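The structure file final.pdb is reproduced below (PDB, C-alpha atoms, pLDDT in the B column).
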ATOM      1  CA  MET O   1    -202.384  97.470 -35.092  1.00 54.00           C
ATOM      2  CA  LYS O   2    -203.534  94.617 -32.816  1.00 58.00           C
ATOM      3  CA  THR O   3    -205.288  97.112 -30.559  1.00 59.00           C
ATOM      4  CA  PHE O   4    -207.069  98.644 -33.541  1.00 56.00           C
ATOM      5  CA  LEU O   5    -208.253  95.218 -34.779  1.00 48.00           C
ATOM      6  CA  PHE O   6    -209.354  94.225 -31.293  1.00 53.00           C
ATOM      7  CA  THR O   7    -211.307  97.490 -30.904  1.00 58.00           C
ATOM      8  CA  LEU O   8    -212.821  97.065 -34.364  1.00 48.00           C
ATOM      9  CA  ILE O   9    -213.932  93.500 -33.573  1.00 62.00           C
ATOM     10  CA  ILE O  10    -215.537  94.640 -30.317  1.00 63.00           C
ATOM     11  CA  PHE O  11    -217.248  97.532 -32.076  1.00 60.00           C
ATOM     12  CA  ILE O  12    -218.613  95.299 -34.867  1.00 64.00           C
ATOM     13  CA  SER O  13    -219.761  92.740 -32.293  1.00 60.00           C
ATOM     14  CA  PHE O  14    -221.575  95.480 -30.436  1.00 60.00           C
ATOM     15  CA  LEU O  15    -223.279  96.705 -33.606  1.00 53.00           C
ATOM     16  CA  LEU O  16    -224.327  93.193 -34.577  1.00 56.00           C
ATOM     17  CA  SER O  17    -225.645  92.330 -31.133  1.00 56.00           C
ATOM     18  CA  SER O  18    -227.609  95.564 -30.842  1.00 53.00           C
ATOM     19  CA  GLY O  19    -229.006  94.964 -34.320  1.00 53.00           C
ATOM     20  CA  LEU O  20    -230.161  91.491 -33.317  1.00 47.00           C
ATOM     21  CA  VAL O  21    -231.804  92.812 -30.177  1.00 46.00           C
ATOM     22  CA  ASN O  22    -233.630  95.471 -32.165  1.00 46.00           C
ATOM     23  CA  ALA O  23    -234.741  92.865 -34.704  1.00 43.00           C
ATOM     24  CA  GLN O  24    -236.116  90.658 -31.919  1.00 47.00           C
ATOM     25  CA  GLU O  25    -237.900  93.574 -30.306  1.00 48.00           C
ATOM     26  CA  SER O  26    -239.530  94.605 -33.579  1.00 47.00           C
ATOM     27  CA  GLU O  27    -240.780  91.022 -34.160  1.00 62.00           C
ATOM     28  CA  ASN O  28    -242.637  91.124 -30.842  1.00 70.00           C
ATOM     29  CA  SER O  29    -243.538  94.783 -30.815  1.00 84.00           C
ATOM     30  CA  TRP O  30    -247.093  95.999 -30.430  1.00 91.00           C
ATOM     31  CA  SER O  31    -247.114  97.336 -33.983  1.00 89.00           C
ATOM     32  CA  SER O  32    -246.200  93.908 -35.388  1.00 91.00           C
ATOM     33  CA  LEU O  33    -249.431  92.364 -34.020  1.00 91.00           C
ATOM     34  CA  LYS O  34    -252.430  91.848 -36.295  1.00 90.00           C
ATOM     35  CA  PRO O  35    -255.097  94.559 -35.870  1.00 91.00           C
ATOM     36  CA  GLU O  36    -257.604  91.981 -34.535  1.00 90.00           C
ATOM     37  CA  THR O  37    -255.064  90.824 -31.954  1.00 90.00           C
ATOM     38  CA  GLN O  38    -254.292  94.408 -30.970  1.00 91.00           C
ATOM     39  CA  GLN O  39    -258.006  95.062 -30.489  1.00 92.00           C
ATOM     40  CA  LEU O  40    -258.408  92.039 -28.213  1.00 90.00           C
ATOM     41  CA  LEU O  41    -255.282  92.887 -26.205  1.00 92.00           C
ATOM     42  CA  LYS O  42    -255.679  96.687 -26.165  1.00 93.00           C
ATOM     43  CA  ARG O  43    -255.665  96.849 -22.362  1.00 93.00           C
ATOM     44  CA  PHE O  44    -252.100  95.493 -22.424  1.00 93.00           C
ATOM     45  CA  GLU O  45    -250.795  98.060 -24.922  1.00 93.00           C
ATOM     46  CA  PRO O  46    -249.443 100.584 -22.377  1.00 93.00           C
ATOM     47  CA  LYS O  47    -247.282  97.948 -20.697  1.00 93.00           C
ATOM     48  CA  TRP O  48    -246.667  95.651 -23.709  1.00 93.00           C
ATOM     49  CA  GLN O  49    -242.954  96.473 -24.040  1.00 91.00           C
ATOM     50  CA  ASP O  50    -242.405  95.651 -20.350  1.00 92.00           C
ATOM     51  CA  LEU O  51    -244.103  92.239 -20.437  1.00 93.00           C
ATOM     52  CA  PRO O  52    -241.933  89.116 -20.436  1.00 93.00           C
ATOM     53  CA  GLU O  53    -241.712  87.402 -23.798  1.00 91.00           C
ATOM     54  CA  SER O  54    -243.455  84.263 -22.503  1.00 91.00           C
ATOM     55  CA  LYS O  55    -246.432  86.345 -21.321  1.00 92.00           C
ATOM     56  CA  LYS O  56    -246.673  88.095 -24.702  1.00 92.00           C
ATOM     57  CA  GLN O  57    -246.677  84.757 -26.507  1.00 92.00           C
ATOM     58  CA  LYS O  58    -249.415  83.372 -24.244  1.00 92.00           C
ATOM     59  CA  LEU O  59    -251.551  86.483 -24.708  1.00 92.00           C
ATOM     60  CA  VAL O  60    -251.177  86.394 -28.493  1.00 92.00           C
ATOM     61  CA  ALA O  61    -251.980  82.660 -28.603  1.00 92.00           C
ATOM     62  CA  GLY O  62    -255.062  83.233 -26.447  1.00 91.00           C
ATOM     63  CA  ALA O  63    -256.224  86.114 -28.635  1.00 91.00           C
ATOM     64  CA  GLU O  64    -255.823  83.956 -31.734  1.00 90.00           C
ATOM     65  CA  ARG O  65    -257.817  81.120 -30.106  1.00 91.00           C
ATOM     66  CA  TRP O  66    -260.522  83.622 -29.141  1.00 91.00           C
ATOM     67  CA  GLY O  67    -260.682  84.898 -32.717  1.00 90.00           C
ATOM     68  CA  LYS O  68    -261.367  81.375 -34.012  1.00 92.00           C
ATOM     69  CA  MET O  69    -264.172  80.645 -31.511  1.00 91.00           C
ATOM     70  CA  SER O  70    -267.848  80.637 -32.372  1.00 94.00           C
ATOM     71  CA  THR O  71    -270.226  82.901 -30.467  1.00 94.00           C
ATOM     72  CA  GLU O  72    -271.385  79.951 -28.359  1.00 95.00           C
ATOM     73  CA  GLN O  73    -267.813  78.943 -27.522  1.00 94.00           C
ATOM     74  CA  ARG O  74    -267.059  82.524 -26.486  1.00 92.00           C
ATOM     75  CA  LEU O  75    -270.065  82.593 -24.152  1.00 94.00           C
ATOM     76  CA  VAL O  76    -269.004  79.323 -22.520  1.00 92.00           C
ATOM     77  CA  SER O  77    -265.454  80.626 -22.202  1.00 91.00           C
ATOM     78  CA  LYS O  78    -266.647  83.868 -20.578  1.00 91.00           C
ATOM     79  CA  GLU O  79    -268.791  81.941 -18.095  1.00 94.00           C
ATOM     80  CA  ARG O  80    -265.877  79.672 -17.182  1.00 92.00           C
ATOM     81  CA  PHE O  81    -263.581  82.653 -16.749  1.00 90.00           C
ATOM     82  CA  GLU O  82    -266.093  84.383 -14.459  1.00 93.00           C
ATOM     83  CA  LYS O  83    -266.413  81.215 -12.365  1.00 93.00           C
ATOM     84  CA  TRP O  84    -262.616  80.962 -12.193  1.00 92.00           C
ATOM     85  CA  THR O  85    -262.155  84.565 -11.075  1.00 92.00           C
ATOM     86  CA  ASN O  86    -264.712  84.072  -8.295  1.00 94.00           C
ATOM     87  CA  LEU O  87    -262.913  81.043  -6.830  1.00 93.00           C
ATOM     88  CA  SER O  88    -260.823  81.347  -3.706  1.00 95.00           C
ATOM     89  CA  PRO O  89    -257.035  81.122  -4.131  1.00 95.00           C
ATOM     90  CA  ALA O  90    -257.089  77.774  -2.301  1.00 96.00           C
ATOM     91  CA  LYS O  91    -259.713  76.348  -4.688  1.00 94.00           C
ATOM     92  CA  LYS O  92    -257.780  77.653  -7.706  1.00 93.00           C
ATOM     93  CA  GLN O  93    -254.638  75.944  -6.437  1.00 96.00           C
ATOM     94  CA  GLN O  94    -256.541  72.710  -5.853  1.00 95.00           C
ATOM     95  CA  LEU O  95    -257.896  72.755  -9.405  1.00 94.00           C
ATOM     96  CA  LYS O  96    -254.471  73.529 -10.868  1.00 93.00           C
ATOM     97  CA  GLU O  97    -253.032  70.524  -9.036  1.00 95.00           C
ATOM     98  CA  ARG O  98    -255.874  68.281 -10.238  1.00 92.00           C
ATOM     99  CA  PHE O  99    -255.317  69.417 -13.817  1.00 92.00           C
ATOM    100  CA  LYS O 100    -251.588  68.798 -13.488  1.00 94.00           C
ATOM    101  CA  ARG O 101    -252.244  65.259 -12.171  1.00 92.00           C
ATOM    102  CA  PHE O 102    -254.668  64.650 -15.047  1.00 90.00           C
ATOM    103  CA  ARG O 103    -252.082  65.805 -17.596  1.00 92.00           C
ATOM    104  CA  ASN O 104    -249.536  63.404 -16.098  1.00 93.00           C
ATOM    105  CA  LEU O 105    -251.836  60.400 -16.611  1.00 89.00           C
ATOM    106  CA  PRO O 106    -251.321  58.138 -19.629  1.00 91.00           C
ATOM    107  CA  VAL O 107    -253.241  59.325 -22.701  1.00 92.00           C
ATOM    108  CA  GLU O 108    -255.491  56.226 -22.645  1.00 88.00           C
ATOM    109  CA  THR O 109    -256.494  56.948 -19.048  1.00 87.00           C
ATOM    110  CA  GLN O 110    -257.197  60.584 -19.919  1.00 90.00           C
ATOM    111  CA  ASN O 111    -259.406  59.466 -22.800  1.00 90.00           C
ATOM    112  CA  ASP O 112    -261.244  56.955 -20.579  1.00 87.00           C
ATOM    113  CA  LEU O 113    -261.903  59.658 -18.019  1.00 88.00           C
ATOM    114  CA  ARG O 114    -263.155  62.036 -20.717  1.00 92.00           C
ATOM    115  CA  LYS O 115    -265.557  59.366 -22.013  1.00 90.00           C
ATOM    116  CA  THR O 116    -266.834  58.595 -18.524  1.00 87.00           C
ATOM    117  CA  PHE O 117    -267.311  62.280 -17.783  1.00 89.00           C
ATOM    118  CA  SER O 118    -269.098  62.766 -21.085  1.00 91.00           C
ATOM    119  CA  LYS O 119    -271.499  59.922 -20.240  1.00 90.00           C
ATOM    120  CA  PHE O 120    -272.104  61.483 -16.839  1.00 88.00           C
ATOM    121  CA  LYS O 121    -272.766  64.911 -18.388  1.00 89.00           C
ATOM    122  CA  ASN O 122    -275.211  63.377 -20.881  1.00 93.00           C
ATOM    123  CA  MET O 123    -277.332  61.958 -18.052  1.00 91.00           C
ATOM    124  CA  SER O 124    -280.354  63.905 -16.962  1.00 93.00           C
ATOM    125  CA  PRO O 125    -279.892  66.045 -13.827  1.00 92.00           C
ATOM    126  CA  GLU O 126    -282.092  63.600 -11.928  1.00 94.00           C
ATOM    127  CA  GLN O 127    -279.988  60.596 -13.022  1.00 93.00           C
ATOM    128  CA  ARG O 128    -276.789  62.389 -11.980  1.00 90.00           C
ATOM    129  CA  LYS O 129    -278.295  63.274  -8.620  1.00 92.00           C
ATOM    130  CA  ARG O 130    -279.363  59.651  -7.977  1.00 92.00           C
ATOM    131  CA  LEU O 131    -275.926  58.388  -8.961  1.00 89.00           C
ATOM    132  CA  ARG O 132    -274.192  60.847  -6.612  1.00 89.00           C
ATOM    133  CA  GLU O 133    -276.489  59.937  -3.736  1.00 91.00           C
ATOM    134  CA  LYS O 134    -275.976  56.239  -4.341  1.00 90.00           C
ATOM    135  CA  PHE O 135    -272.190  56.701  -4.327  1.00 87.00           C
ATOM    136  CA  LYS O 136    -272.288  58.824  -1.141  1.00 89.00           C
ATOM    137  CA  LYS O 137    -274.245  56.129   0.679  1.00 91.00           C
ATOM    138  CA  LEU O 138    -271.594  53.495  -0.002  1.00 88.00           C
ATOM    139  CA  SER O 139    -269.121  52.678   2.733  1.00 91.00           C
ATOM    140  CA  PRO O 140    -265.498  53.657   2.024  1.00 90.00           C
ATOM    141  CA  GLU O 141    -264.629  49.995   1.442  1.00 92.00           C
ATOM    142  CA  LYS O 142    -267.489  49.510  -1.041  1.00 88.00           C
ATOM    143  CA  ARG O 143    -266.445  52.703  -2.851  1.00 87.00           C
ATOM    144  CA  ARG O 144    -262.898  51.385  -3.222  1.00 89.00           C
ATOM    145  CA  LYS O 145    -264.219  48.040  -4.511  1.00 89.00           C
ATOM    146  CA  LEU O 146    -266.472  49.795  -7.027  1.00 85.00           C
ATOM    147  CA  ILE O 147    -263.598  51.954  -8.252  1.00 84.00           C
ATOM    148  CA  ARG O 148    -261.321  48.905  -8.591  1.00 87.00           C
ATOM    149  CA  LYS O 149    -264.056  47.072 -10.495  1.00 85.00           C
ATOM    150  CA  MET O 150    -264.498  50.037 -12.869  1.00 81.00           C
ATOM    151  CA  LYS O 151    -260.752  50.205 -13.465  1.00 80.00           C
ATOM    152  CA  LYS O 152    -260.653  46.496 -14.294  1.00 82.00           C
ATOM    153  CA  ARG O 153    -263.534  46.909 -16.760  1.00 78.00           C
ATOM    154  CA  ARG O 154    -261.750  49.798 -18.444  1.00 74.00           C
ATOM    155  CA  ALA O 155    -258.506  47.826 -18.652  1.00 76.00           C
ATOM    156  CA  ALA O 156    -260.340  44.839 -20.150  1.00 76.00           C
ATOM    157  CA  ARG O 157    -261.915  47.039 -22.848  1.00 71.00           C
ATOM    158  CA  ARG O 158    -258.545  48.426 -23.913  1.00 68.00           C
ATOM    159  CA  PRO O 159    -256.951  46.674 -26.869  1.00 65.00           C
ATOM    160  CA  GLY O 160    -253.502  45.155 -26.368  1.00 58.00           C
TER     161      GLY O 160
END
Please lay out the structure from this file as structure tokens.
Amino acid sequence: MKTFLFTLIIFISFLLSSGLVNAQESENSWSSLKPETQQLLKRFEPKWQDLPESKKQKLVAGAERWGKMSTEQRLVSKERFEKWTNLSPAKKQQLKERFKRFRNLPVETQNDLRKTFSKFKNMSPEQRKRLREKFKKLSPEKRRKLIRKMKKRRAARRPG
């Protein structure tokens, strides 16, 4: 009797676990994706079932972001992607590390850097060129002093 119960428990456990696996697979199956998402990710369809779950989630999230973009945003995104694919592996790694360092900065510092970059981008090409040349001509010591001075100004502008 104990053997029968033990076997029954194992059998039921097996059925339940296989049912859960099948339920999880159907949630993330190709057929469960929205038609728009399937269209955007159609090149992944043949290997979809073999992709890791994390990769599937990233692809679906990216497709959903793409679907919400305006035509202009899509053009900018395509241009950035083309630039990225043409970079050397070393340059890609360098940029990934820079981005990681940026993400590890305090939020206030990130916002300050975004504002500064935005101001720089809003300058005319000639103004940006003059600013770069002026900075390049500075000695390393004067550059460090200028950077320290800018940091102090930023800190003084911050409330609290």
Evaluated on this file, the PyMOL selection byres ((chain O and resi 40) around 10) picks out some residues - which ones are they, written as a PyMOL selection string? chain O and resi 35-39+41-44+59-60+62-64+66-67
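Take CA of Lys83 in chain O and CA of Lys121 in chain O: the distance between them is 18.5 Å.
From CA of Gln57 in chain O back to CA of Trp30 in chain O, the distance works out to 11.9 Å.
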Centre and edge lengths of an axis-aligned box around all listed atoms of range 82-91 of chain O, with 6 Å added on each side, are to be given in Å to one decimal, as JSON.
{"center_x": -261.7, "center_y": 80.5, "center_z": -8.4, "size_x": 21.4, "size_y": 20.2, "size_z": 24.2}
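Shortest separation to Arg157 in chain O among O:Leu131, O:Lys47, O:Arg143, O:Thr109 occurs at residue O:Thr109, atoms counted being all atoms listed in the file.
The gap separating CA of Pro125 in chain O from CA of Ala155 in chain O is 28.5 Å, in Å to one decimal.
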